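The structure appears right after this line, and notes come after that.
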Amino acid sequence: MVEHVYRRAAAARLVNTVLVATDDERVRDAVEAFGGNAWMTRPDHRSGTDRLAEVAAALSCAVVVNVQGDEPLLAPESIDEAIAALLEDPSNQMATLCRPIEEPSEFRDPNVVKVVKDRSGFALYFSRAPIPYLRGGAGGTAPALKHIGLYVYRREFLLRLASLAPTPLETAESLEQLRALEHGFRIRIVESAHDSVGVDTPADLERVRRLVAATPCA
């Protein structure tokens with residue numbers, strides 16, 4: 001799976017270098033076996049944000065992308081969409097992706113993270129619970145958005161964010177992006193034209209295997 005993620009990240013037009021940050025020698029060996037670059041980190045990080053910051057502290061790049069290892073079907077174009085949010089607007093310090101939820105089962109699934117945003121396109125909240133809540137079963141459907149597991153940061157902002165203590169909502173929901181919101185920072189939400197399937201359960205893994213098998217170029 002890590003090879004699929006790696007090659008899709010490398011195919012993004014706006015990505016210059018791809019590194020796999022890990023504290024597991026098995027992952028490092030798997031990455032090096034297909035010719036990829038791995039970076040061993042400390043084993044005590046609480047989140048991917050903190051692990052990424054350890055690597056970013058030693059780099060000189062202006063923008064850092066966190067492509068999570070459980071997104072083997074993430075489109076390279078989606079990565080470019082998120083990066084463009086920072087390149088086109090200097091005021092944006094962090095960005096991530098979303099897609100409209102089409103399957104009712106995804107809305108109820110705690111492994112599918114939901115996000116609601118304001119009228120300016122910034123995140124109001126992320127949750128594993130079904131949000132927004134449609135009170136009283138009113139007509140129509142809730143404008144539900146699925147969060148896609150990718151983050152783009154300005155390097156200095158990432159280092160600042162990682163220096164902050166984990167927050168109550170971050171801990172309760174086990175969602176690292178809530179640290180930024182709880183400390184009053186804004187996250188630009190980009191609605192991607194491409195969907196993705198995160199692998200959180202054995203059923204997700206089987207679904208991805210079927211999709212990859214049906215698409216030889218995936």
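To be explicit about the labels: the chains of the structure tokens are called A, B, and onward in the order shown, and within each one the residues are counted from 1, while ligands get numbers from 1 in the order they are shown.
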
How close does each residue of range 87-112 of chain A get to range 176-195 of chain A, giving the shortest atom pair and distance in Å to one decimal for every residue with an atom at most 10 Å away, counting only C-alpha atoms, sorted by chain and residue number, as JSON lines?
{"residue": "A:Ser91", "atom": "CA", "partner": "A:Arg186", "partner_atom": "CA", "distance": 9.9}
{"residue": "A:Asn92", "atom": "CA", "partner": "A:Arg188", "partner_atom": "CA", "distance": 6.7}
{"residue": "A:Gln93", "atom": "CA", "partner": "A:Ile187", "partner_atom": "CA", "distance": 7.3}
{"residue": "A:Met94", "atom": "CA", "partner": "A:Ile187", "partner_atom": "CA", "distance": 5.2}
{"residue": "A:Ala95", "atom": "CA", "partner": "A:Arg188", "partner_atom": "CA", "distance": 4.5}
{"residue": "A:Thr96", "atom": "CA", "partner": "A:Ile189", "partner_atom": "CA", "distance": 5.3}
{"residue": "A:Leu97", "atom": "CA", "partner": "A:Val190", "partner_atom": "CA", "distance": 4.8}
{"residue": "A:Cys98", "atom": "CA", "partner": "A:Glu191", "partner_atom": "CA", "distance": 4.9}
{"residue": "A:Arg99", "atom": "CA", "partner": "A:Glu191", "partner_atom": "CA", "distance": 5.6}
{"residue": "A:Pro100", "atom": "CA", "partner": "A:Glu191", "partner_atom": "CA", "distance": 8.0}
{"residue": "A:Ile101", "atom": "CA", "partner": "A:Asp195", "partner_atom": "CA", "distance": 9.8}

- DSSP-assigned helix (DSSP H, G or I) among chain A, expressed as an MDAnalysis selection string: chainID A and resid 2:10 25:33 48:56 76:87 104:108 135:137 155:162 168:173 178:182 202:214

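Among A:Arg160, A:His4, A:Arg128, A:Arg28, the residue with the shortest atom-to-atom distance to Val112 in chain A, counting only C-alpha atoms, is A:Arg128.
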
- Message: Can you pull out the residues contacting range 143-158 of chain A? Cut-off 8 Å, using only C-alpha atoms, and skip same-chain residues under 3 positions away; I want them as number ranges by chain.
- Response: A: 49, 53, 56, 61-68, 71, 79, 82-83, 86, 93-101, 107, 112-116, 126, 131-132, 161-162, 196, 198

Create the file for the chosen residues now, containing N, CA and C atoms and written as a CSV table (one decimal), in the first residue's frame.
chain,number,residue,atom,x,y,z
A,49,THR,N,1.2,14.6,12.3
A,49,THR,CA,1.7,16.0,12.3
A,49,THR,C,3.0,16.2,13.0
A,53,ALA,N,6.7,17.0,11.4
A,53,ALA,CA,7.4,18.2,11.9
A,53,ALA,C,8.9,17.9,12.2
A,56,ALA,N,10.4,17.9,8.8
A,56,ALA,CA,10.4,19.3,8.2
A,56,ALA,C,11.4,20.2,8.9
A,61,CYS,N,12.5,23.5,2.6
A,61,CYS,CA,11.3,23.8,1.7
A,61,CYS,C,10.4,24.8,2.4
A,62,ALA,N,9.6,25.5,1.6
A,62,ALA,CA,8.6,26.4,2.1
A,62,ALA,C,7.3,25.8,2.4
A,63,VAL,N,6.9,24.7,1.7
A,63,VAL,CA,5.6,24.1,1.9
A,63,VAL,C,5.9,22.6,2.1
A,64,VAL,N,5.1,22.0,3.0
A,64,VAL,CA,5.2,20.6,3.3
A,64,VAL,C,3.9,19.9,3.2
A,65,VAL,N,3.8,18.8,2.5
A,65,VAL,CA,2.6,18.1,2.3
A,65,VAL,C,2.6,16.8,3.1
A,66,ASN,N,1.5,16.5,3.8
A,66,ASN,CA,1.4,15.3,4.6
A,66,ASN,C,0.4,14.4,3.9
A,67,VAL,N,0.9,13.4,3.1
A,67,VAL,CA,0.0,12.4,2.5
A,67,VAL,C,0.0,11.2,3.4
A,68,GLN,N,-1.2,10.9,3.9
A,68,GLN,CA,-1.2,9.8,4.9
A,68,GLN,C,-1.1,8.4,4.2
A,71,GLU,N,-4.0,6.2,2.2
A,71,GLU,CA,-4.8,6.7,1.1
A,71,GLU,C,-4.2,6.3,-0.2
A,79,ILE,N,-3.6,16.2,-4.7
A,79,ILE,CA,-2.5,16.8,-4.0
A,79,ILE,C,-2.2,18.1,-4.6
A,82,ALA,N,-4.6,20.9,-3.3
A,82,ALA,CA,-4.4,21.3,-2.0
A,82,ALA,C,-3.2,22.2,-1.9
A,83,ILE,N,-2.1,21.9,-2.6
A,83,ILE,CA,-0.9,22.7,-2.6
A,83,ILE,C,-1.2,24.1,-3.2
A,86,LEU,N,-2.3,27.1,-1.1
A,86,LEU,CA,-1.2,27.9,-0.4
A,86,LEU,C,-0.4,28.7,-1.4
A,93,GLN,N,-2.2,29.2,5.7
A,93,GLN,CA,-1.1,28.6,6.4
A,93,GLN,C,-1.3,27.0,6.3
A,94,MET,N,-2.5,26.6,6.1
A,94,MET,CA,-2.8,25.1,6.1
A,94,MET,C,-4.0,24.8,5.3
A,95,ALA,N,-4.0,23.7,4.6
A,95,ALA,CA,-5.1,23.4,3.7
A,95,ALA,C,-5.3,21.9,3.7
A,96,THR,N,-6.5,21.5,3.5
A,96,THR,CA,-6.8,20.0,3.3
A,96,THR,C,-7.9,19.9,2.3
A,97,LEU,N,-8.4,18.6,2.1
A,97,LEU,CA,-9.3,18.3,1.1
A,97,LEU,C,-10.6,17.7,1.6
A,98,CYS,N,-11.7,17.9,0.8
A,98,CYS,CA,-12.9,17.2,1.1
A,98,CYS,C,-13.6,16.8,-0.2
A,99,ARG,N,-14.7,16.0,0.0
A,99,ARG,CA,-15.6,15.6,-1.1
A,99,ARG,C,-17.0,15.4,-0.6
A,100,PRO,N,-18.0,15.7,-1.4
A,100,PRO,CA,-19.4,15.5,-0.9
A,100,PRO,C,-19.6,14.0,-0.6
A,101,ILE,N,-20.3,13.7,0.4
A,101,ILE,CA,-20.6,12.3,0.8
A,101,ILE,C,-21.9,11.9,0.0
A,107,PHE,N,-21.7,8.5,5.9
A,107,PHE,CA,-22.1,9.6,6.8
A,107,PHE,C,-22.2,9.1,8.2
A,112,VAL,N,-15.0,7.4,8.7
A,112,VAL,CA,-15.1,8.4,7.6
A,112,VAL,C,-15.2,9.8,8.4
A,113,VAL,N,-14.2,10.6,8.3
A,113,VAL,CA,-14.2,11.9,9.0
A,113,VAL,C,-15.0,12.9,8.2
A,114,LYS,N,-15.9,13.6,8.9
A,114,LYS,CA,-16.7,14.6,8.3
A,114,LYS,C,-16.2,16.0,8.6
A,115,VAL,N,-16.4,17.0,7.7
A,115,VAL,CA,-16.0,18.3,7.9
A,115,VAL,C,-17.1,19.3,7.5
A,116,VAL,N,-17.3,20.3,8.3
A,116,VAL,CA,-18.2,21.4,7.9
A,116,VAL,C,-17.3,22.7,7.8
A,126,PHE,N,-14.2,19.3,12.4
A,126,PHE,CA,-14.1,18.0,11.9
A,126,PHE,C,-14.6,17.0,12.9
A,131,ILE,N,-22.0,14.9,10.9
A,131,ILE,CA,-22.2,16.4,11.0
A,131,ILE,C,-22.3,16.9,9.5
A,132,PRO,N,-23.1,17.9,9.3
A,132,PRO,CA,-24.1,18.5,10.2
A,132,PRO,C,-25.3,17.7,10.5
A,161,LEU,N,2.8,24.5,14.9
A,161,LEU,CA,1.7,23.7,15.3
A,161,LEU,C,2.2,22.5,16.1
A,162,ALA,N,3.2,21.9,15.7
A,162,ALA,CA,3.7,20.7,16.4
A,162,ALA,C,4.3,21.0,17.8
A,196,SER,N,-11.4,9.6,-2.9
A,196,SER,CA,-10.4,8.7,-2.5
A,196,SER,C,-11.0,7.7,-1.5
A,198,GLY,N,-10.0,5.8,2.0
A,198,GLY,CA,-9.0,5.6,3.1
A,198,GLY,C,-9.1,4.2,3.6

- Residues at most 10 Å from Glu25 in chain A, counting only C-alpha atoms, excluding those fewer than 5 positions away in the same chain, as a ChimeraX atom specification? /A:30-31,38-40

- Task: Using DSSP on the backbone, list every residue of range 14-217 of chain A that comes out as strand (DSSP E or B), and give them as a PyMOL selection string.
- Result: chain A and resi 20-22+38-40+63-67+94-100+114-117+122-127+145-154+188-191

Could you write out that same residue set with N, CA and C atoms as a short mmCIF file (atom, residue, chain, number, x, y, z; two decimals), in the first residue's frame?
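File written: part.cif
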data_model
loop_
_atom_site.label_atom_id
_atom_site.label_comp_id
_atom_site.auth_asym_id
_atom_site.auth_seq_id
_atom_site.Cartn_x
_atom_site.Cartn_y
_atom_site.Cartn_z
N VAL A 20 9.09 9.05 2.92
CA VAL A 20 8.22 8.32 3.84
C VAL A 20 8.80 8.44 5.24
N ALA A 21 8.09 9.12 6.12
CA ALA A 21 8.53 9.28 7.50
C ALA A 21 7.96 8.13 8.33
N THR A 22 8.82 7.36 8.97
CA THR A 22 8.37 6.19 9.72
C THR A 22 9.33 5.89 10.87
N ALA A 38 13.09 6.80 2.41
CA ALA A 38 12.48 6.73 3.75
C ALA A 38 13.31 7.51 4.75
N TRP A 39 12.64 8.04 5.78
CA TRP A 39 13.30 8.83 6.81
C TRP A 39 12.86 8.28 8.17
N MET A 40 13.79 7.72 8.91
CA MET A 40 13.48 7.17 10.22
C MET A 40 13.31 8.29 11.24
N VAL A 63 6.92 24.74 1.70
CA VAL A 63 5.63 24.08 1.86
C VAL A 63 5.85 22.59 2.06
N VAL A 64 5.13 22.01 3.02
CA VAL A 64 5.24 20.58 3.32
C VAL A 64 3.87 19.94 3.17
N VAL A 65 3.83 18.78 2.51
CA VAL A 65 2.59 18.05 2.29
C VAL A 65 2.60 16.76 3.11
N ASN A 66 1.53 16.53 3.83
CA ASN A 66 1.38 15.28 4.59
C ASN A 66 0.36 14.42 3.86
N VAL A 67 0.85 13.42 3.12
CA VAL A 67 -0.01 12.44 2.47
C VAL A 67 -0.03 11.22 3.37
N MET A 94 -2.50 26.56 6.13
CA MET A 94 -2.77 25.13 6.15
C MET A 94 -3.98 24.85 5.28
N ALA A 95 -3.95 23.74 4.57
CA ALA A 95 -5.09 23.37 3.71
C ALA A 95 -5.28 21.86 3.73
N THR A 96 -6.51 21.46 3.45
CA THR A 96 -6.81 20.04 3.33
C THR A 96 -7.94 19.86 2.33
N LEU A 97 -8.38 18.62 2.13
CA LEU A 97 -9.33 18.30 1.06
C LEU A 97 -10.64 17.74 1.60
N CYS A 98 -11.67 17.85 0.79
CA CYS A 98 -12.95 17.22 1.09
C CYS A 98 -13.64 16.81 -0.20
N ARG A 99 -14.68 15.99 -0.04
CA ARG A 99 -15.55 15.58 -1.14
C ARG A 99 -16.96 15.44 -0.59
N PRO A 100 -18.00 15.72 -1.40
CA PRO A 100 -19.37 15.48 -0.94
C PRO A 100 -19.58 13.99 -0.64
N LYS A 114 -15.89 13.60 8.90
CA LYS A 114 -16.69 14.62 8.26
C LYS A 114 -16.16 16.01 8.60
N VAL A 115 -16.41 16.96 7.71
CA VAL A 115 -15.98 18.33 7.95
C VAL A 115 -17.11 19.27 7.55
N VAL A 116 -17.27 20.35 8.31
CA VAL A 116 -18.18 21.43 7.92
C VAL A 116 -17.34 22.69 7.79
N LYS A 117 -17.69 23.54 6.84
CA LYS A 117 -16.90 24.73 6.56
C LYS A 117 -17.77 25.97 6.53
N PHE A 122 -13.37 27.90 4.97
CA PHE A 122 -12.49 27.46 6.05
C PHE A 122 -13.24 26.50 6.97
N ALA A 123 -12.50 25.58 7.55
CA ALA A 123 -13.10 24.55 8.40
C ALA A 123 -13.72 25.15 9.65
N LEU A 124 -14.93 24.71 9.97
CA LEU A 124 -15.55 25.03 11.24
C LEU A 124 -15.29 23.91 12.25
N TYR A 125 -15.37 22.66 11.78
CA TYR A 125 -15.13 21.52 12.66
C TYR A 125 -14.97 20.24 11.84
N PHE A 126 -14.21 19.31 12.41
CA PHE A 126 -14.07 17.96 11.88
C PHE A 126 -14.59 16.99 12.94
N SER A 127 -15.24 15.92 12.51
CA SER A 127 -15.74 14.96 13.48
C SER A 127 -15.91 13.58 12.85
N LEU A 145 -19.82 16.61 3.99
CA LEU A 145 -18.55 16.56 3.29
C LEU A 145 -17.61 15.57 3.98
N LYS A 146 -17.00 14.72 3.20
CA LYS A 146 -16.02 13.76 3.70
C LYS A 146 -14.63 14.37 3.65
N HIS A 147 -13.91 14.26 4.75
CA HIS A 147 -12.53 14.74 4.77
C HIS A 147 -11.62 13.72 4.12
N ILE A 148 -10.73 14.18 3.26
CA ILE A 148 -9.74 13.33 2.61
C ILE A 148 -8.40 13.55 3.30
N GLY A 149 -7.73 12.46 3.67
CA GLY A 149 -6.56 12.53 4.54
C GLY A 149 -5.29 13.07 3.91
N LEU A 150 -5.26 14.34 3.73
CA LEU A 150 -4.08 15.03 3.21
C LEU A 150 -4.04 16.43 3.80
N TYR A 151 -2.84 16.88 4.18
CA TYR A 151 -2.67 18.24 4.71
C TYR A 151 -1.49 18.91 4.02
N VAL A 152 -1.63 20.19 3.80
CA VAL A 152 -0.53 20.99 3.27
C VAL A 152 -0.27 22.13 4.25
N TYR A 153 1.00 22.33 4.61
CA TYR A 153 1.37 23.36 5.59
C TYR A 153 2.49 24.23 5.04
N ARG A 154 2.49 25.49 5.43
CA ARG A 154 3.72 26.25 5.33
C ARG A 154 4.67 25.69 6.41
N ARG A 188 -7.87 26.01 5.39
CA ARG A 188 -8.56 26.14 4.11
C ARG A 188 -9.03 24.76 3.64
N ILE A 189 -10.31 24.67 3.28
CA ILE A 189 -10.88 23.42 2.80
C ILE A 189 -11.05 23.50 1.28
N VAL A 190 -10.42 22.59 0.58
CA VAL A 190 -10.50 22.54 -0.88
C VAL A 190 -11.38 21.35 -1.27
N GLU A 191 -12.45 21.61 -2.00
CA GLU A 191 -13.31 20.52 -2.46
C GLU A 191 -12.70 19.93 -3.72
#

- Query: Can you tell me, as a ChimeraX atom specification, what residues are no more than 9 Å from Arg7 in chain A when counting only C-alpha atoms, ignoring any on the same chain fewer than 4 positions away?
  - Reply: /A:2-3,11-12,18,36,76

- For CA of Glu106 in chain A and CA of Arg8 in chain A, the interatomic separation in Å (one decimal): 24.0 Å
